[in-house]
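Participant: Can you read through this structure? Questions will come right after.
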Amino acid sequence: MANIELDTLRKEFGTGGQTVVAVENVDLDIHDGEFLVLVGPSGCGKTTTLRCIAGLEDVTSGTITFGSRDVTDLRARDRDVAMVFQNYALYPHMDVRDNLGFGLKLSTKLTTDEIHRRVEDAAAMLGIEELLGDKPKELSGGQQQRVALGRAIVREPEVFLMDEPLSNLDAKLRAEMRTELQELQHELGVTTVYVTHDQTEAMAMGDRIAVMNDGVLQQVGAPETVYRSPTNEFVANFIGSPSINLFTAEVEGSTLVGPRDFAYDLEDTAPVAGYDRVRVGIRPEDMQMVSEGGTTATVTVAEHMGNENFLYLELDGHEMTARIDSAIRPQAGETVQFTFDEDALYLFDPDTGDALK
Ligand code: ATP
């Protein structure tokens, strides 16, 4: 087993004026045995980072080490990694047993007995023993995905690399497989890097998550840390569903003045010292409905979900979302007032987006 260290990893594509910097000087230490999720919007460089770790892309500069091994210039097949992709590409003419064992027969010097043991073990672990004689076309999507995982597991690699492996599954199965995959990874203890654009998946699965944007690593931390203490406005906005409410407020003495009649008196003015205006963030679940003394908003849509309600609010052309207790049931068109605790307030530099507290 090994930790994975990326040291100023950079990957550019193209030449001359057409250069795209897909990964920009990323420093990242992935702990031994950890499940690390690389997450970010489409095109942010997460797949390229994964492919560099796998050895499927040459790096432009920087180094990649597994434990004490510098693997930067090693070929993919010499790195001892196993990959799982979105497209599982099982061999259609082979049954599950042969699909699981084929790679081992081809690329290792293992005995037939050892290959048999690994295939049986992986099948048991994945609960697909009874499918070993079936062909891929006889399997459901979830079963096919398990076989694809099995092919990685039988390799007993030092590192698992997974690129959106669950995105071809329907929502219910995907949620089940998330838990299963996480449990399996913890059981095996193999250092794993998992790429997804879905922040919910990242939050649910990662021991830690690494958020990327525009080729640049924004923040690495436990899901709750990234959620509650984002380093900048991008991370605050990307993580969380529904998204955080964001708007610009003027700083007038100790008061933040925002849209409509938003006026919030800060007890702690240190974070806004020297600023005329700041970006303000409030998470939907931190919005509290009050009968007086709060900020006025008009309900545009009220979604009653059973155990909670979502209110879509409008403040002089500015939209906000509140997640509130199901006992409070305002209707569309009604005027409400909201407030929040100062602890729940996020503040960002209006120019750089960096967090101010
Ligand atoms: P997605 O979730 O859409 O796959 P991503 O975050 O994985 O996105 P990458 O696929 O790593 O992003 O792409 C990062 C940037 O590098 C993008 O601008 C992309 O167009 C560019 N890029 C990726 N591969 C190549 C390539 N082979 N040649 C040229 N540009 C590339």
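Here, A, B, ... name the chains of the structure tokens in the order displayed, residue numbers run from 1 inside each chain, and ligands are numbered from 1 in the same displayed order.
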Could you list, as a PDB file with N, CA and C atoms, in the first residue's frame, all the residues within 7 Å of ligand 1, counting only C-alpha atoms and all ligand atoms?
Facilitator:
```pdb
ATOM      1  N   PHE A  13      -1.807  20.746 -22.932  1.00  0.00           N
ATOM      2  CA  PHE A  13      -2.083  20.094 -24.210  1.00  0.00           C
ATOM      3  C   PHE A  13      -1.835  21.091 -25.324  1.00  0.00           C
ATOM      4  N   GLY A  14      -1.431  20.596 -26.491  1.00  0.00           N
ATOM      5  CA  GLY A  14      -1.285  21.434 -27.680  1.00  0.00           C
ATOM      6  C   GLY A  14       0.038  22.149 -27.711  1.00  0.00           C
ATOM      7  N   VAL A  20      -3.495  24.517 -23.953  1.00  0.00           N
ATOM      8  CA  VAL A  20      -4.496  24.453 -22.880  1.00  0.00           C
ATOM      9  C   VAL A  20      -3.791  23.922 -21.641  1.00  0.00           C
ATOM     10  N   VAL A  21      -3.874  24.679 -20.551  1.00  0.00           N
ATOM     11  CA  VAL A  21      -3.313  24.175 -19.299  1.00  0.00           C
ATOM     12  C   VAL A  21      -4.431  23.412 -18.589  1.00  0.00           C
ATOM     13  N   ALA A  22      -4.375  22.079 -18.685  1.00  0.00           N
ATOM     14  CA  ALA A  22      -5.448  21.252 -18.107  1.00  0.00           C
ATOM     15  C   ALA A  22      -5.257  21.081 -16.601  1.00  0.00           C
ATOM     16  N   GLY A  40     -15.128  18.530  -9.433  1.00  0.00           N
ATOM     17  CA  GLY A  40     -15.112  19.871 -10.011  1.00  0.00           C
ATOM     18  C   GLY A  40     -15.968  19.862 -11.257  1.00  0.00           C
ATOM     19  N   PRO A  41     -16.264  21.045 -11.800  1.00  0.00           N
ATOM     20  CA  PRO A  41     -17.113  21.108 -12.989  1.00  0.00           C
ATOM     21  C   PRO A  41     -16.428  20.528 -14.219  1.00  0.00           C
ATOM     22  N   SER A  42     -17.201  20.297 -15.260  1.00  0.00           N
ATOM     23  CA  SER A  42     -16.694  19.737 -16.496  1.00  0.00           C
ATOM     24  C   SER A  42     -15.530  20.580 -17.026  1.00  0.00           C
ATOM     25  N   GLY A  43     -14.443  19.895 -17.386  1.00  0.00           N
ATOM     26  CA  GLY A  43     -13.298  20.595 -17.975  1.00  0.00           C
ATOM     27  C   GLY A  43     -12.307  21.155 -16.963  1.00  0.00           C
ATOM     28  N   CYS A  44     -12.500  20.865 -15.680  1.00  0.00           N
ATOM     29  CA  CYS A  44     -11.625  21.464 -14.658  1.00  0.00           C
ATOM     30  C   CYS A  44     -10.280  20.748 -14.546  1.00  0.00           C
ATOM     31  N   GLY A  45     -10.142  19.583 -15.206  1.00  0.00           N
ATOM     32  CA  GLY A  45      -8.838  18.915 -15.208  1.00  0.00           C
ATOM     33  C   GLY A  45      -8.770  17.667 -14.344  1.00  0.00           C
ATOM     34  N   LYS A  46      -9.909  17.187 -13.858  1.00  0.00           N
ATOM     35  CA  LYS A  46      -9.848  16.026 -12.949  1.00  0.00           C
ATOM     36  C   LYS A  46      -9.493  14.737 -13.680  1.00  0.00           C
ATOM     37  N   THR A  47     -10.080  14.516 -14.858  1.00  0.00           N
ATOM     38  CA  THR A  47      -9.737  13.302 -15.615  1.00  0.00           C
ATOM     39  C   THR A  47      -8.270  13.323 -16.027  1.00  0.00           C
ATOM     40  N   THR A  48      -7.795  14.482 -16.436  1.00  0.00           N
ATOM     41  CA  THR A  48      -6.388  14.583 -16.838  1.00  0.00           C
ATOM     42  C   THR A  48      -5.469  14.275 -15.653  1.00  0.00           C
ATOM     43  N   THR A  49      -5.815  14.783 -14.475  1.00  0.00           N
ATOM     44  CA  THR A  49      -5.020  14.486 -13.278  1.00  0.00           C
ATOM     45  C   THR A  49      -4.984  12.977 -13.040  1.00  0.00           C
ATOM     46  N   THR A 196     -15.322  12.550  -9.970  1.00  0.00           N
ATOM     47  CA  THR A 196     -16.730  12.787 -10.294  1.00  0.00           C
ATOM     48  C   THR A 196     -16.969  14.289 -10.454  1.00  0.00           C
ATOM     49  N   HIS A 197     -18.013  14.643 -11.244  1.00  0.00           N
ATOM     50  CA  HIS A 197     -18.381  16.055 -11.324  1.00  0.00           C
ATOM     51  C   HIS A 197     -19.524  16.339 -10.345  1.00  0.00           C
ATOM     52  N   GLY A 215      -8.260  23.792 -13.747  1.00  0.00           N
ATOM     53  CA  GLY A 215      -6.933  23.193 -13.633  1.00  0.00           C
ATOM     54  C   GLY A 215      -6.245  23.436 -12.301  1.00  0.00           C
TER      55      GLY A 215
END
```
Participant: Using DSSP secondary structure from the backbone, list all strand (DSSP E or B) positions within range 48-222 of chain A, as an MDAnalysis selection string.
Facilitator: chainID A and resid 61:66 69:70 81:84 159:163 191:196 208:213 216:221
Participant: Name the closest residue to Leu106 in chain A among the candidates A:Arg155, A:Val26, A:Leu50, A:Leu356; distances are taken between atoms, counting only C-alpha atoms.
Facilitator: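 The closest residue to Leu106 in chain A is A:Arg155.
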Participant: I need the residues of range 137-303 of chain A that end up classed as helix (DSSP H, G or I) by DSSP on the backbone, written out as a short mmCIF file (atom, residue, chain, number, x, y, z; two decimals) with C-alpha atoms, in the first residue's frame.
Facilitator:
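Saved file out_7.cif follows:
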```cif
data_model
loop_
_atom_site.label_atom_id
_atom_site.label_comp_id
_atom_site.auth_asym_id
_atom_site.auth_seq_id
_atom_site.Cartn_x
_atom_site.Cartn_y
_atom_site.Cartn_z
CA LYS A 137 -25.49 -9.31 -21.99
CA GLU A 138 -27.36 -11.42 -19.42
CA GLY A 141 -26.18 -2.48 -15.49
CA GLY A 142 -25.38 -2.78 -11.79
CA GLN A 143 -24.11 -6.34 -12.19
CA GLN A 144 -21.94 -5.31 -15.14
CA GLN A 145 -20.49 -2.51 -13.06
CA ARG A 146 -19.69 -5.01 -10.28
CA VAL A 147 -17.82 -7.18 -12.79
CA ALA A 148 -15.85 -4.13 -13.92
CA LEU A 149 -14.94 -3.46 -10.30
CA GLY A 150 -14.07 -7.12 -9.89
CA ARG A 151 -11.57 -6.88 -12.72
CA ALA A 152 -9.80 -4.12 -10.79
CA ILE A 153 -9.98 -5.99 -7.47
CA ALA A 171 -30.22 7.13 -9.54
CA LYS A 172 -31.35 4.45 -7.09
CA LEU A 173 -28.70 1.94 -8.08
CA ARG A 174 -26.06 4.64 -8.10
CA ALA A 175 -26.88 5.54 -4.49
CA GLU A 176 -26.68 1.85 -3.47
CA MET A 177 -23.40 1.33 -5.29
CA ARG A 178 -21.88 4.40 -3.64
CA THR A 179 -22.26 2.81 -0.23
CA GLU A 180 -21.14 -0.58 -1.47
CA LEU A 181 -18.07 0.78 -3.17
CA GLN A 182 -17.12 2.81 -0.13
CA GLU A 183 -17.46 -0.22 2.16
CA LEU A 184 -15.46 -2.34 -0.24
CA GLN A 185 -12.67 0.22 -0.45
CA HIS A 186 -12.45 0.48 3.34
CA GLU A 187 -12.35 -3.31 3.58
CA LEU A 188 -9.56 -3.58 1.00
CA GLN A 199 -20.61 17.11 -5.54
CA THR A 200 -23.27 15.04 -3.77
CA GLU A 201 -21.39 11.88 -4.72
CA ALA A 202 -18.12 13.45 -3.58
CA MET A 203 -19.58 14.48 -0.22
CA ALA A 204 -21.16 11.06 0.31
CA MET A 205 -18.14 8.98 -0.60
CA PRO A 223 -16.39 16.81 3.29
CA GLU A 224 -17.75 18.68 6.32
CA THR A 225 -14.68 20.95 6.44
CA VAL A 226 -15.00 21.86 2.78
CA TYR A 227 -18.72 22.46 3.29
CA ARG A 228 -18.44 24.57 6.44
CA GLU A 233 -16.55 31.57 -3.07
CA PHE A 234 -16.10 29.00 -5.85
CA VAL A 235 -15.88 26.11 -3.37
CA ALA A 236 -18.77 27.48 -1.27
CA ASN A 237 -20.92 27.69 -4.39
CA PHE A 238 -19.90 24.34 -5.89
CA ALA A 270 -12.90 42.04 12.03
CA PRO A 271 -13.45 40.01 8.80
CA VAL A 272 -14.86 43.03 6.91
CA PRO A 284 -30.38 27.43 2.55
CA GLU A 285 -30.65 25.42 5.79
CA ASP A 286 -29.33 28.36 7.83
#
```
Participant: Need the shell around Pro165 in chain A: protein/DNA/RNA residues with any atom at most 7 Å away, counting only C-alpha atoms. Skip same-chain ones fewer than 5 positions apart. Format as a PDB file with N, CA and C atoms, in the first residue's frame?
Facilitator:
```pdb
ATOM      1  N   VAL A  84     -10.995   1.858 -13.106  1.00  0.00           N
ATOM      2  CA  VAL A  84     -12.390   1.547 -13.421  1.00  0.00           C
ATOM      3  C   VAL A  84     -12.996   2.788 -14.066  1.00  0.00           C
ATOM      4  N   PHE A  85     -13.571   2.589 -15.252  1.00  0.00           N
ATOM      5  CA  PHE A  85     -14.122   3.716 -15.999  1.00  0.00           C
ATOM      6  C   PHE A  85     -15.645   3.651 -16.008  1.00  0.00           C
ATOM      7  N   GLN A  86     -16.211   4.719 -16.546  1.00  0.00           N
ATOM      8  CA  GLN A  86     -17.660   4.798 -16.762  1.00  0.00           C
ATOM      9  C   GLN A  86     -18.121   3.708 -17.738  1.00  0.00           C
TER      10      GLN A  86
END
```
Participant: Counting only C-alpha atoms, which of A:Asp98, A:Glu158, A:Glu24, A:Glu130 gets nearest to Arg79 in chain A?
Facilitator: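 Ranked by minimum distance to Arg79 in chain A, first place goes to A:Glu158.
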Participant: Name the closest residue to Leu131 in chain A among the candidates A:Ile53, A:Val119, A:Val81, A:Ala297; distances are taken between atoms, counting only C-alpha atoms.
Facilitator: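 With only C-alpha atoms as the atom set, the closest residue is A:Val119.
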Participant: What's the 6 Å shell around range 313-330 of chain A, counting only C-alpha atoms, without same-chain residues fewer than 6 positions away, as a PDB file with N, CA and C atoms, in the first residue's frame?
Facilitator:
```pdb
ATOM      1  N   ASN A 245     -26.720  30.631  -0.939  1.00  0.00           N
ATOM      2  CA  ASN A 245     -27.203  31.934  -1.438  1.00  0.00           C
ATOM      3  C   ASN A 245     -26.050  32.915  -1.379  1.00  0.00           C
ATOM      4  N   ARG A 260     -33.016  44.502  -1.252  1.00  0.00           N
ATOM      5  CA  ARG A 260     -34.288  44.844  -0.588  1.00  0.00           C
ATOM      6  C   ARG A 260     -33.983  45.509   0.769  1.00  0.00           C
ATOM      7  N   PRO A 284     -28.917  27.504   2.460  1.00  0.00           N
ATOM      8  CA  PRO A 284     -30.384  27.430   2.550  1.00  0.00           C
ATOM      9  C   PRO A 284     -30.893  26.927   3.902  1.00  0.00           C
ATOM     10  N   GLU A 285     -30.164  25.973   4.514  1.00  0.00           N
ATOM     11  CA  GLU A 285     -30.647  25.423   5.791  1.00  0.00           C
ATOM     12  C   GLU A 285     -30.388  26.362   6.959  1.00  0.00           C
ATOM     13  N   MET A 287     -31.208  29.573   6.874  1.00  0.00           N
ATOM     14  CA  MET A 287     -32.215  30.650   6.807  1.00  0.00           C
ATOM     15  C   MET A 287     -33.328  30.323   7.803  1.00  0.00           C
ATOM     16  N   ALA A 297     -38.782  39.089   2.047  1.00  0.00           N
ATOM     17  CA  ALA A 297     -38.635  38.400   0.758  1.00  0.00           C
ATOM     18  C   ALA A 297     -40.009  37.913   0.310  1.00  0.00           C
ATOM     19  N   THR A 298     -40.179  37.753  -1.002  1.00  0.00           N
ATOM     20  CA  THR A 298     -41.438  37.242  -1.535  1.00  0.00           C
ATOM     21  C   THR A 298     -41.240  35.792  -1.959  1.00  0.00           C
ATOM     22  N   VAL A 299     -42.163  34.944  -1.560  1.00  0.00           N
ATOM     23  CA  VAL A 299     -42.068  33.529  -1.938  1.00  0.00           C
ATOM     24  C   VAL A 299     -42.496  33.396  -3.405  1.00  0.00           C
ATOM     25  N   THR A 300     -41.615  32.848  -4.252  1.00  0.00           N
ATOM     26  CA  THR A 300     -42.012  32.636  -5.652  1.00  0.00           C
ATOM     27  C   THR A 300     -42.514  31.208  -5.853  1.00  0.00           C
ATOM     28  N   ASN A 307     -40.742  16.027   4.780  1.00  0.00           N
ATOM     29  CA  ASN A 307     -40.052  16.307   6.041  1.00  0.00           C
ATOM     30  C   ASN A 307     -39.417  17.691   6.088  1.00  0.00           C
TER      31      ASN A 307
END
```
Participant: May I ask for the distance between CA of Val220 in chain A and CA of Asp58 in chain A, given in Å to one decimal place?
Facilitator: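 For CA of Val220 in chain A relative to CA of Asp58 in chain A, the distance reads 24.1 Å.
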Participant: Excluding Glu5 in chain A and any residue of its chain fewer than 4 positions from it, enumerate the residues within 12 Å of it, using only C-alpha atoms, and give them as a PDB file with N, CA and C atoms, in the first residue's frame.
Facilitator:
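The file below, out_24.pdb, is the result:
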```pdb
ATOM      1  N   LEU A   9       2.337  19.200 -10.122  1.00  0.00           N
ATOM      2  CA  LEU A   9       1.953  18.485 -11.343  1.00  0.00           C
ATOM      3  C   LEU A   9       1.308  19.451 -12.344  1.00  0.00           C
ATOM      4  N   VAL A  26      -0.431  21.299  -9.524  1.00  0.00           N
ATOM      5  CA  VAL A  26      -1.195  20.722  -8.413  1.00  0.00           C
ATOM      6  C   VAL A  26      -0.263  20.014  -7.422  1.00  0.00           C
ATOM      7  N   ASP A  27      -0.384  20.401  -6.152  1.00  0.00           N
ATOM      8  CA  ASP A  27       0.286  19.704  -5.047  1.00  0.00           C
ATOM      9  C   ASP A  27      -0.789  18.967  -4.269  1.00  0.00           C
ATOM     10  N   LEU A  28      -0.623  17.659  -4.137  1.00  0.00           N
ATOM     11  CA  LEU A  28      -1.662  16.899  -3.446  1.00  0.00           C
ATOM     12  C   LEU A  28      -1.049  15.635  -2.856  1.00  0.00           C
ATOM     13  N   ASP A  29      -1.311  15.423  -1.550  1.00  0.00           N
ATOM     14  CA  ASP A  29      -0.824  14.196  -0.896  1.00  0.00           C
ATOM     15  C   ASP A  29      -2.033  13.344  -0.550  1.00  0.00           C
ATOM     16  N   ILE A  30      -2.164  12.220  -1.232  1.00  0.00           N
ATOM     17  CA  ILE A  30      -3.281  11.304  -0.994  1.00  0.00           C
ATOM     18  C   ILE A  30      -2.783  10.233  -0.032  1.00  0.00           C
ATOM     19  N   HIS A  31      -3.442  10.142   1.110  1.00  0.00           N
ATOM     20  CA  HIS A  31      -2.927   9.277   2.182  1.00  0.00           C
ATOM     21  C   HIS A  31      -3.062   7.795   1.840  1.00  0.00           C
ATOM     22  N   ASP A  32      -2.195   7.024   2.457  1.00  0.00           N
ATOM     23  CA  ASP A  32      -2.219   5.569   2.314  1.00  0.00           C
ATOM     24  C   ASP A  32      -3.584   5.022   2.749  1.00  0.00           C
ATOM     25  N   THR A  49      -5.815  14.783 -14.475  1.00  0.00           N
ATOM     26  CA  THR A  49      -5.020  14.486 -13.278  1.00  0.00           C
ATOM     27  C   THR A  49      -4.984  12.977 -13.040  1.00  0.00           C
ATOM     28  N   CYS A  52      -2.833  11.213 -15.541  1.00  0.00           N
ATOM     29  CA  CYS A  52      -1.404  11.398 -15.228  1.00  0.00           C
ATOM     30  C   CYS A  52      -0.982  10.417 -14.139  1.00  0.00           C
ATOM     31  N   ILE A  53      -1.826  10.242 -13.119  1.00  0.00           N
ATOM     32  CA  ILE A  53      -1.500   9.303 -12.034  1.00  0.00           C
ATOM     33  C   ILE A  53      -1.414   7.882 -12.594  1.00  0.00           C
ATOM     34  N   GLY A  62       6.619  18.447 -13.045  1.00  0.00           N
ATOM     35  CA  GLY A  62       6.186  17.963 -11.745  1.00  0.00           C
ATOM     36  C   GLY A  62       6.452  16.472 -11.597  1.00  0.00           C
ATOM     37  N   THR A  63       6.200  15.949 -10.395  1.00  0.00           N
ATOM     38  CA  THR A  63       6.461  14.532 -10.154  1.00  0.00           C
ATOM     39  C   THR A  63       5.272  13.846  -9.488  1.00  0.00           C
ATOM     40  N   ILE A  64       5.229  12.523  -9.681  1.00  0.00           N
ATOM     41  CA  ILE A  64       4.214  11.678  -9.057  1.00  0.00           C
ATOM     42  C   ILE A  64       4.948  10.556  -8.347  1.00  0.00           C
ATOM     43  N   THR A  65       4.698  10.408  -7.034  1.00  0.00           N
ATOM     44  CA  THR A  65       5.320   9.292  -6.312  1.00  0.00           C
ATOM     45  C   THR A  65       4.258   8.439  -5.629  1.00  0.00           C
ATOM     46  N   PHE A  66       4.499   7.133  -5.641  1.00  0.00           N
ATOM     47  CA  PHE A  66       3.682   6.179  -4.883  1.00  0.00           C
ATOM     48  C   PHE A  66       4.585   5.679  -3.757  1.00  0.00           C
ATOM     49  N   GLY A  67       4.287   6.027  -2.521  1.00  0.00           N
ATOM     50  CA  GLY A  67       5.186   5.658  -1.421  1.00  0.00           C
ATOM     51  C   GLY A  67       6.543   6.267  -1.679  1.00  0.00           C
ATOM     52  N   SER A  68       7.578   5.441  -1.753  1.00  0.00           N
ATOM     53  CA  SER A  68       8.910   5.985  -2.021  1.00  0.00           C
ATOM     54  C   SER A  68       9.298   5.844  -3.501  1.00  0.00           C
ATOM     55  N   ARG A  69       8.349   5.337  -4.324  1.00  0.00           N
ATOM     56  CA  ARG A  69       8.645   5.112  -5.743  1.00  0.00           C
ATOM     57  C   ARG A  69       8.282   6.318  -6.586  1.00  0.00           C
ATOM     58  N   ASP A  70       9.232   6.885  -7.285  1.00  0.00           N
ATOM     59  CA  ASP A  70       8.918   7.943  -8.247  1.00  0.00           C
ATOM     60  C   ASP A  70       8.417   7.256  -9.517  1.00  0.00           C
ATOM     61  N   VAL A  71       7.130   7.432  -9.824  1.00  0.00           N
ATOM     62  CA  VAL A  71       6.551   6.725 -10.976  1.00  0.00           C
ATOM     63  C   VAL A  71       6.358   7.650 -12.181  1.00  0.00           C
ATOM     64  N   THR A  72       6.831   8.903 -12.055  1.00  0.00           N
ATOM     65  CA  THR A  72       6.545   9.917 -13.085  1.00  0.00           C
ATOM     66  C   THR A  72       6.825   9.417 -14.502  1.00  0.00           C
ATOM     67  N   THR A 191      -5.458   2.517  -1.504  1.00  0.00           N
ATOM     68  CA  THR A 191      -5.518   3.949  -1.797  1.00  0.00           C
ATOM     69  C   THR A 191      -6.299   4.174  -3.094  1.00  0.00           C
ATOM     70  N   VAL A 193      -8.317   6.945  -5.806  1.00  0.00           N
ATOM     71  CA  VAL A 193      -8.665   8.272  -6.303  1.00  0.00           C
ATOM     72  C   VAL A 193      -9.873   8.112  -7.207  1.00  0.00           C
TER      73      VAL A 193
END
```
Participant: What is the distance, in Å and to one decimal place, between CA of Gly281 in chain A and CA of Gln219 in chain A?
Facilitator: 17.7 Å
Participant: Give me, as a list in words, all polymer residues having an atom no more than 9 Å from Asp134 in chain A, counting only C-alpha atoms and skipping those fewer than 6 positions away in the same chain.
Facilitator: Met94, Asp95, Val96 and Arg97 of chain A
Participant: At a cut-off of 7 Å, using only C-alpha atoms, what residues contact Val290 in chain A? Leave out same-chain residues fewer than 3 positions from it and give the result as a ChimeraX atom specification.
Facilitator: /A:294,337-339
Participant: Please measure the separation of CA of Arg51 in chain A and CA of Val211 in chain A, giving the value in Å to one decimal.
Facilitator: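 Distance reported for this atom pair: 16.9 Å.
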Participant: Let me make sure I understand: among A:Leu104, A:Pro136, A:Asp121, A:Asn3, which one has the smallest atom-to-atom distance to Ala82 in chain A if we use only C-alpha atoms?
Facilitator: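 Nearest to Ala82 in chain A: A:Leu104.
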